[in-house]
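Listing of query_32.csv, CSV, C-alpha atoms and all ligand atoms
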```csv
chain,number,residue,atom,x,y,z
A,1,MET,CA,0.0,0.0,0.0
A,2,ILE,CA,1.3,3.4,-1.0
A,3,ILE,CA,0.3,6.6,0.8
A,4,LEU,CA,-0.5,9.4,-1.6
A,5,ASP,CA,1.3,12.1,0.4
A,6,GLY,CA,-0.4,15.4,-0.4
A,7,LYS,CA,1.6,17.3,2.2
A,8,LYS,CA,4.9,16.3,0.6
A,9,THR,CA,3.7,16.7,-3.0
A,10,SER,CA,2.2,20.2,-2.3
A,11,LYS,CA,5.5,21.2,-0.8
A,12,GLU,CA,7.3,20.1,-4.0
A,13,ILE,CA,4.8,22.0,-6.1
A,14,LYS,CA,5.3,25.1,-3.9
A,15,GLU,CA,9.1,24.8,-4.3
A,16,GLU,CA,8.7,24.5,-8.1
A,17,LEU,CA,6.5,27.6,-8.2
A,18,LYS,CA,8.8,29.5,-5.9
A,19,GLN,CA,11.6,28.8,-8.4
A,20,LYS,CA,9.5,29.7,-11.4
A,21,THR,CA,8.4,33.0,-9.8
A,22,ALA,CA,12.0,33.9,-9.0
A,23,GLU,CA,12.7,33.3,-12.7
A,24,LEU,CA,9.9,35.7,-13.7
A,25,VAL,CA,11.3,38.3,-11.4
A,26,ALA,CA,14.8,37.9,-12.7
A,27,ALA,CA,13.5,38.3,-16.3
A,28,GLY,CA,11.7,41.5,-15.3
A,29,LYS,CA,8.3,39.9,-15.9
A,30,LYS,CA,5.1,40.3,-14.0
A,31,VAL,CA,4.7,38.6,-10.6
A,32,PRO,CA,1.5,36.6,-10.2
A,33,HIS,CA,-1.1,38.4,-8.0
A,34,LEU,CA,-4.0,36.8,-6.3
A,35,ALA,CA,-6.9,38.7,-4.7
A,36,VAL,CA,-9.1,37.0,-2.1
A,37,ILE,CA,-12.4,38.3,-0.8
A,38,LEU,CA,-13.5,37.2,2.6
A,39,VAL,CA,-17.0,38.0,3.9
A,40,GLY,CA,-17.9,37.5,7.6
A,41,ASP,CA,-16.5,35.6,10.5
A,42,ASN,CA,-16.7,31.9,9.6
A,43,GLY,CA,-13.8,30.3,11.4
A,44,ALA,CA,-13.1,27.7,8.7
A,45,SER,CA,-13.2,30.3,6.0
A,46,LYS,CA,-10.7,32.5,7.9
A,47,THR,CA,-8.3,29.6,8.3
A,48,TYR,CA,-8.5,28.7,4.6
A,49,VAL,CA,-8.0,32.3,3.5
A,50,ASN,CA,-5.0,32.7,5.8
A,51,SER,CA,-3.4,29.6,4.4
A,52,LYS,CA,-4.0,30.8,0.9
A,53,ILE,CA,-2.4,34.2,1.6
A,54,LYS,CA,0.5,32.6,3.4
A,55,ALA,CA,1.1,30.2,0.5
A,56,CYS,CA,1.2,33.2,-1.9
A,57,GLU,CA,3.8,34.9,0.2
A,58,TYR,CA,5.8,31.7,0.4
A,59,VAL,CA,6.1,31.3,-3.4
A,60,GLY,CA,6.7,35.0,-4.0
A,61,PHE,CA,3.3,35.9,-5.4
A,62,LYS,CA,1.6,39.2,-4.6
A,63,SER,CA,-1.7,38.9,-2.7
A,64,THR,CA,-4.5,41.2,-1.8
A,65,LEU,CA,-7.0,40.4,0.9
A,66,VAL,CA,-10.3,42.2,1.0
A,67,LYS,CA,-12.4,41.7,4.1
A,68,TYR,CA,-16.0,42.6,4.6
A,69,ASP,CA,-18.3,42.4,7.5
A,70,GLU,CA,-21.1,39.8,7.5
A,71,SER,CA,-23.6,42.7,6.8
A,72,VAL,CA,-22.0,43.8,3.5
A,73,SER,CA,-24.5,44.3,0.7
A,74,GLU,CA,-24.5,42.2,-2.4
A,75,GLN,CA,-24.1,45.4,-4.5
A,76,GLU,CA,-21.0,46.5,-2.6
A,77,LEU,CA,-19.5,43.0,-3.1
A,78,LEU,CA,-20.3,43.0,-6.8
A,79,ASP,CA,-18.8,46.5,-7.2
A,80,LYS,CA,-15.6,45.4,-5.6
A,81,ILE,CA,-15.5,42.3,-7.9
A,82,ARG,CA,-15.9,44.6,-11.0
A,83,GLU,CA,-13.1,46.9,-9.7
A,84,ILE,CA,-10.8,43.9,-9.3
A,85,ASN,CA,-11.8,42.5,-12.7
A,86,SER,CA,-10.5,45.7,-14.3
A,87,ASP,CA,-7.3,45.9,-12.2
A,88,GLU,CA,-4.7,44.8,-14.7
A,89,ASP,CA,-2.2,43.9,-12.0
A,90,ILE,CA,-4.5,41.2,-10.5
A,91,ASP,CA,-4.4,37.8,-12.2
A,92,GLY,CA,-6.7,35.7,-10.0
A,93,LEU,CA,-9.7,36.5,-7.9
A,94,ILE,CA,-11.5,34.2,-5.5
A,95,VAL,CA,-14.4,34.9,-3.2
A,96,GLN,CA,-14.3,32.5,-0.3
A,97,LEU,CA,-17.5,30.5,0.1
A,98,PRO,CA,-20.0,30.2,1.8
A,99,LEU,CA,-21.4,33.7,1.7
A,100,PRO,CA,-24.1,35.1,4.1
A,101,LYS,CA,-27.7,34.1,3.1
A,102,HIS,CA,-28.6,37.6,1.8
A,103,ILE,CA,-26.0,37.3,-0.9
A,104,ASP,CA,-26.7,35.3,-4.1
A,105,GLU,CA,-23.6,33.1,-4.4
A,106,GLN,CA,-24.2,32.3,-8.1
A,107,LYS,CA,-24.5,35.9,-9.0
A,108,VAL,CA,-21.2,36.6,-7.3
A,109,ILE,CA,-19.4,33.7,-9.0
A,110,GLU,CA,-20.7,34.9,-12.4
A,111,ALA,CA,-19.6,38.5,-11.7
A,112,ILE,CA,-16.0,37.3,-11.6
A,113,ASP,CA,-14.1,37.7,-14.9
A,114,TYR,CA,-13.8,34.1,-16.0
A,115,LYS,CA,-10.3,34.9,-17.1
A,116,LYS,CA,-9.4,35.6,-13.4
A,117,ASP,CA,-11.6,32.8,-12.0
A,118,VAL,CA,-8.8,30.7,-10.5
A,119,ASP,CA,-11.3,28.7,-8.5
A,120,GLY,CA,-12.8,27.5,-11.7
A,121,PHE,CA,-16.4,28.0,-10.5
A,122,HIS,CA,-17.6,30.3,-13.3
A,123,PRO,CA,-19.9,28.7,-15.8
A,124,VAL,CA,-17.5,29.5,-18.7
A,125,ASN,CA,-14.7,27.5,-17.0
A,126,ALA,CA,-17.1,24.7,-16.0
A,127,GLY,CA,-18.4,24.5,-19.6
A,128,ARG,CA,-14.9,24.6,-21.1
A,129,LEU,CA,-13.8,21.8,-18.7
A,130,VAL,CA,-16.7,19.6,-20.0
A,131,LEU,CA,-15.7,20.3,-23.6
A,132,GLY,CA,-12.0,19.5,-22.9
A,133,LEU,CA,-10.9,23.1,-23.6
A,134,PRO,CA,-8.2,24.9,-21.6
A,135,ALA,CA,-9.9,26.1,-18.4
A,136,PHE,CA,-9.3,26.9,-14.8
A,137,VAL,CA,-10.1,23.6,-13.0
A,138,PRO,CA,-11.5,23.7,-9.4
A,139,ALA,CA,-8.6,23.3,-6.9
A,140,THR,CA,-9.6,20.1,-5.2
A,141,PRO,CA,-10.2,17.9,-8.3
A,142,MET,CA,-7.2,19.5,-9.9
A,143,GLY,CA,-5.1,18.6,-6.9
A,144,ILE,CA,-6.3,15.0,-7.0
A,145,MET,CA,-5.4,14.7,-10.7
A,146,GLU,CA,-2.0,16.1,-9.9
A,147,LEU,CA,-1.4,13.5,-7.1
A,148,LEU,CA,-2.5,10.6,-9.4
A,149,LYS,CA,-0.1,11.9,-12.0
A,150,ARG,CA,2.9,12.4,-9.7
A,151,TYR,CA,2.5,9.0,-8.1
A,152,ASN,CA,2.0,7.3,-11.5
A,153,VAL,CA,-1.2,5.8,-10.4
A,154,PRO,CA,-2.8,3.7,-13.2
A,155,VAL,CA,-6.1,5.4,-14.2
A,156,ARG,CA,-6.4,4.7,-17.9
A,157,GLY,CA,-9.2,2.2,-18.6
A,158,LYS,CA,-10.0,1.7,-14.9
A,159,HIS,CA,-13.5,2.0,-13.4
A,160,ALA,CA,-13.6,5.1,-11.2
A,161,VAL,CA,-16.5,5.6,-8.8
A,162,VAL,CA,-17.0,9.1,-7.5
A,163,LEU,CA,-19.2,9.6,-4.5
A,164,GLY,CA,-20.8,13.0,-4.4
A,165,ARG,CA,-21.8,15.4,-7.2
A,166,SER,CA,-21.0,18.8,-5.8
A,167,HIS,CA,-20.0,21.5,-8.3
A,168,ILE,CA,-16.7,22.0,-6.5
A,169,VAL,CA,-15.5,18.4,-6.2
A,170,GLY,CA,-17.6,15.4,-7.3
A,171,ARG,CA,-19.0,16.6,-10.6
A,172,PRO,CA,-15.7,18.1,-12.0
A,173,MET,CA,-13.8,15.1,-10.7
A,174,SER,CA,-16.0,12.8,-12.7
A,175,ILE,CA,-15.4,14.8,-15.8
A,176,LEU,CA,-11.6,15.0,-15.3
A,177,LEU,CA,-11.3,11.2,-14.7
A,178,GLY,CA,-13.3,10.5,-17.9
A,179,GLN,CA,-11.4,12.9,-20.1
A,180,LYS,CA,-8.8,11.8,-22.7
A,181,GLY,CA,-5.3,11.6,-21.3
A,182,GLU,CA,-2.7,9.3,-19.8
A,183,PHE,CA,-3.8,9.9,-16.2
A,184,ALA,CA,-7.5,10.0,-17.1
A,185,ASP,CA,-9.4,7.8,-19.7
A,186,ALA,CA,-11.3,6.1,-16.9
A,187,THR,CA,-14.8,4.7,-17.1
A,188,VAL,CA,-16.7,6.8,-14.5
A,189,THR,CA,-19.7,6.2,-12.3
A,190,LEU,CA,-21.0,9.2,-10.4
A,191,CYS,CA,-22.9,8.2,-7.3
A,192,HIS,CA,-25.0,10.5,-5.1
A,193,SER,CA,-27.6,10.7,-2.4
A,194,ARG,CA,-30.3,9.1,-4.6
A,195,THR,CA,-28.1,6.2,-5.8
A,196,HIS,CA,-29.5,2.8,-4.9
A,197,ASP,CA,-27.0,0.4,-3.3
A,198,ILE,CA,-23.8,2.5,-3.4
A,199,GLU,CA,-21.8,-0.5,-2.1
A,200,LYS,CA,-22.5,-2.4,-5.3
A,201,PHE,CA,-20.5,0.3,-7.2
A,202,THR,CA,-17.7,0.8,-4.6
A,203,LYS,CA,-17.1,-3.0,-4.5
A,204,GLU,CA,-16.6,-3.0,-8.3
A,205,ALA,CA,-14.4,0.1,-8.4
A,206,ASP,CA,-10.7,0.2,-9.2
A,207,ILE,CA,-10.7,3.8,-8.0
A,208,VAL,CA,-13.0,5.4,-5.4
A,209,VAL,CA,-13.1,9.1,-4.8
A,210,VAL,CA,-15.2,9.9,-1.7
A,211,ALA,CA,-16.5,13.5,-1.4
A,212,LEU,CA,-19.6,13.2,0.8
A,213,GLY,CA,-18.7,15.0,4.0
A,214,LYS,CA,-19.7,11.9,6.0
A,215,PRO,CA,-17.0,10.9,8.5
A,216,GLU,CA,-15.5,7.4,8.0
A,217,TYR,CA,-18.3,6.5,5.5
A,218,LEU,CA,-16.3,4.1,3.3
A,219,ILE,CA,-15.3,1.0,5.2
A,220,GLY,CA,-13.0,-1.9,4.2
A,221,GLU,CA,-16.0,-4.2,3.4
A,222,MET,CA,-17.2,-1.8,0.7
A,223,VAL,CA,-14.0,-2.0,-1.5
A,224,LYS,CA,-12.1,-4.6,-3.4
A,225,GLU,CA,-8.5,-5.7,-3.0
A,226,GLY,CA,-6.0,-3.3,-4.7
A,227,VAL,CA,-8.4,-0.3,-4.9
A,228,VAL,CA,-7.1,3.2,-5.2
A,229,VAL,CA,-8.9,5.5,-2.6
A,230,ILE,CA,-9.1,9.3,-2.6
A,231,ASP,CA,-10.6,10.8,0.6
A,232,VAL,CA,-11.8,14.3,0.1
A,233,GLY,CA,-13.6,14.5,3.5
A,234,ILE,CA,-12.5,16.9,6.3
A,235,THR,CA,-14.9,16.9,9.2
A,236,ARG,CA,-14.0,18.1,12.7
A,237,VAL,CA,-15.2,15.6,15.3
A,238,GLU,CA,-15.0,16.0,19.0
A,239,THR,CA,-12.4,13.9,20.8
A,240,ASP,CA,-10.8,13.6,24.2
A,241,GLU,CA,-7.7,12.1,22.6
A,242,ASN,CA,-5.9,15.5,22.4
A,243,GLU,CA,-5.9,18.9,24.1
A,244,LYS,CA,-7.6,20.7,21.2
A,245,GLY,CA,-10.8,18.6,21.9
A,246,TYR,CA,-11.3,17.8,18.2
A,247,LYS,CA,-9.7,15.9,15.4
A,248,ILE,CA,-10.0,16.0,11.6
A,249,VAL,CA,-11.6,12.9,10.1
A,250,GLY,CA,-12.0,11.9,6.5
A,251,ASP,CA,-14.9,10.2,4.7
A,252,VAL,CA,-12.8,7.0,4.7
A,253,HIS,CA,-12.3,4.6,7.6
A,254,PHE,CA,-8.6,4.5,7.0
A,255,ASP,CA,-7.6,1.5,9.1
A,256,SER,CA,-10.0,-1.0,7.4
A,257,VAL,CA,-9.7,0.5,3.8
A,258,SER,CA,-6.0,0.9,3.8
A,259,LYS,CA,-5.5,-2.8,4.4
A,260,LYS,CA,-7.0,-3.5,1.0
A,261,ALA,CA,-5.9,-0.4,-0.9
A,262,SER,CA,-3.0,-0.2,-3.4
A,263,TYR,CA,-2.9,3.6,-3.0
A,264,ILE,CA,-4.7,5.8,-0.5
A,265,THR,CA,-4.7,9.5,0.6
A,266,PRO,CA,-4.6,10.1,4.4
A,267,VAL,CA,-6.6,12.7,6.3
A,268,PRO,CA,-5.1,15.1,7.2
A,269,GLY,CA,-2.2,15.4,4.7
A,270,GLY,CA,-3.7,14.0,1.6
A,271,VAL,CA,-6.1,16.0,-0.7
A,272,GLY,CA,-6.3,19.0,1.6
A,273,PRO,CA,-2.8,20.5,1.1
A,274,MET,CA,-3.1,19.8,-2.7
A,275,THR,CA,-6.0,22.3,-3.0
A,276,ILE,CA,-3.8,25.2,-2.1
A,277,ALA,CA,-1.1,24.0,-4.4
A,278,SER,CA,-3.6,23.9,-7.2
A,279,LEU,CA,-4.9,27.4,-6.5
A,280,LEU,CA,-1.3,28.7,-6.7
A,281,MET,CA,-0.8,26.7,-10.0
A,282,ASN,CA,-3.9,28.3,-11.4
A,283,THR,CA,-2.8,31.8,-10.4
A,284,TYR,CA,0.6,31.2,-12.0
A,285,LEU,CA,-1.1,29.9,-15.2
A,286,SER,CA,-3.3,33.0,-15.2
A,287,ALA,CA,-0.4,35.4,-14.8
A,288,THR,CA,1.7,33.7,-17.5
A,289,GLY,CA,-1.2,33.6,-20.0
A,290,LYS,CA,-1.2,29.8,-20.3
A,291,ILE,CA,-5.0,29.5,-20.3
A,292,TYR,CA,-6.5,32.7,-21.7
A,301,LIG,N1,-15.0,27.2,0.3
A,301,LIG,C1,-14.6,25.9,0.4
A,301,LIG,N2,-13.8,25.6,-0.5
A,301,LIG,C2,-13.6,26.7,-1.3
A,301,LIG,C3,-12.8,26.9,-2.5
A,301,LIG,O1,-12.1,26.1,-3.0
A,301,LIG,N3,-12.9,28.2,-3.0
A,301,LIG,C4,-13.7,29.1,-2.4
A,301,LIG,N4,-13.7,30.3,-3.0
A,301,LIG,N5,-14.4,28.9,-1.3
A,301,LIG,C5,-14.4,27.7,-0.8
```
Would you mind writing the structure in this file as structure tokens?
Amino acid sequence: MIILDGKKTSKEIKEELKQKTAELVAAGKKVPHLAVILVGDNGASKTYVNSKIKACEYVGFKSTLVKYDESVSEQELLDKIREINSDEDIDGLIVQLPLPKHIDEQKVIEAIDYKKDVDGFHPVNAGRLVLGLPAFVPATPMGIMELLKRYNVPVRGKHAVVLGRSHIVGRPMSILLGQKGEFADATVTLCHSRTHDIEKFTKEADIVVVALGKPEYLIGEMVKEGVVVIDVGITRVETDENEKGYKIVGDVHFDSVSKKASYITPVPGGVGPMTIASLLMNTYLSATGKIY
């Protein structure tokens, strides 16, 4: 069994980007610049945004953080997005989700210039991804594809089962795995809350991607010998095992599933760190004109 080490791989990617950014600077070229908008006081969102800004600093990118109170109006947010859209120095713009209830998330996503949409949430990027055209790919599925590639995991011709059909993870994941390519070309089944007998599919699968947000949902009895398992879950559960009083648990019951797996991502340290690396890669691609 091989652990797909997202922590180590994301560090490698960050080192590569740091080097490439230094080369841009040495050549007198533009330094990649990411803008992040954070609304409200959500603890998890603040942590994610801090990590994104810190990662930018580490690789030498510029970053701009715009913070708003929970009570900001939709109009004020849309005005700021339009201002950033027309700021030529800024290459990437993300609005951290979720947003307060009085703000229409889809309207906000669609207000972002798709050429700066390094989260890959804009319908233009989603559509281009489906068509196999160059596009910004959402960070989590992009990070998973990068892990599969860097570990040389056999994907071509395999049966991949994706659990969960969110716009951010499950749906784009199913499209990427089914695309043409050496580390794709899989036959894909997308399972969701209305699927009858999910176990029938997971037992058949060569690759299982679990993105349900249900702690330790996938257990050893649900998979076959040699399966590749990608765990996207990150749920905080209470524990008295440490001083913090909580621990992070994935959607996979690691002890039982890892006994049968050929490759598996741990939680923490698997998919999570790869998402930030992907956001940085997208920002670099945007700044260097590799996509649009
Ligand atoms: N909230 C949870 N994940 C994400 C993400 O990848 N991007 C943004 N903008 N918000 C999120």
Can you find the residues with an atom no farther than 10 Å from (-17.2, 8.4, 7.2), counting all atoms listed in the file, and report them as an NGL selection string?
:A and (210 or 212-219 or 231 or 233-235 or 249-254)
Using all atoms listed in the file, which protein or nucleic acid residues come within 7 Å of region 31-38 of chain A? Drop anything in the same chain fewer than 4 positions from it, and give the result as number ranges by chain.
A: 21, 24-25, 61-68, 89-96, 283-284, 287
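Note that CA of Gly43 (chain A) and CA of Lys244 (chain A) are 15.1 Å apart.
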Expressed in Å to a single decimal, how great is the separation between atom N3 of ligand LIG 301 (chain A) and CA of Glu15 (chain A)?
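Those two atoms sit 22.3 Å apart.
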Excluding Leu77 (chain A) and its own-chain neighbours fewer than 4 positions away, which residues fall within 12 Å of it when counting only C-alpha atoms? Please give them as a list of chain:residue names.
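My list of contacting residues is A:Ile37, A:Leu38, A:Val39, A:Val66, A:Lys67, A:Tyr68, A:Asp69, A:Glu70, A:Ser71, A:Val72, A:Ser73, A:Ile81, A:Arg82, A:Glu83, A:Ile84, A:Val95, A:Leu99, A:Pro100, A:His102, A:Ile103, A:Asp104, A:Glu105, A:Lys107, A:Val108, A:Ile109, A:Ala111, A:Ile112.
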List as a PyMOL selection string the protein and nucleic acid residues lying within 7 Å of ligand LIG 301 (chain A), with only C-alpha atoms and all ligand atoms counted.
chain A and resi 45+94-98+119+138-140
To one decimal place in Å, what is the distance between CA of Ser258 (chain A) and CA of Ile207 (chain A)?
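Separation of CA of Ser258 (chain A) and CA of Ile207 (chain A): 13.0 Å.
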Nearest residue to Lys247 (chain A) out of A:Val162, A:Ile3, A:Pro268, A:Phe121, using all atoms listed in the file?
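Nearest candidate to Lys247 (chain A) out of A:Val162, A:Ile3, A:Pro268, A:Phe121: A:Pro268.
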Quick one: residues within 12 Å of Pro141 (chain A), only C-alpha atoms, excluding same-chain residues fewer than 3 positions away - as JSON, numbers by chain?
{"A": [119, 120, 129, 136, 137, 138, 144, 145, 146, 147, 148, 162, 165, 166, 167, 168, 169, 170, 171, 172, 173, 174, 175, 176, 177, 209, 210, 211, 230, 231, 232, 271, 272, 274, 275, 276, 277, 278, 279]}
Using all atoms listed in the file, which of the listed residues (A:Gly164, A:Gly60, A:Pro154, A:Gly270) sits closest to Glu23 (chain A)?
A:Gly60
Among A:Asp185, A:Glu225, A:Glu74, A:Glu16, Glu204 (chain A) is approached most closely, using only C-alpha atoms, by A:Glu225
Just want the 7 Å neighbourhood of His159 (chain A), counted on all atoms listed in the file, with same-chain residues fewer than 2 positions away dropped. Output as a VMD selection string.
chain A and resid 157 161 186 to 188 205 to 207
Have a look at A:Thr288, A:Pro273, A:Gly28, A:Lys259 and name the one nearest to Lys52 (chain A); count only C-alpha atoms.
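Smallest distance to Lys52 (chain A) is found for A:Pro273.
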Of the listed residues A:Phe183, A:Leu190, A:Gly6, A:Lys224, that which approaches Lys149 (chain A) most closely, counting only C-alpha atoms:
A:Phe183
Pick from A:Glu182, A:Glu221, A:Asp5, A:Glu76 nearest to Tyr263 (chain A), counting all atoms listed in the file
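Of all the options, A:Asp5 lies closest to Tyr263 (chain A).
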With all atoms listed in the file counted, which protein, DNA or RNA residues have an atom no more than 8 Å from (-1.4, 2.7, -1.0) in the file frame? Please answer as number ranges by chain.
A: 1-4, 228, 258, 261-265
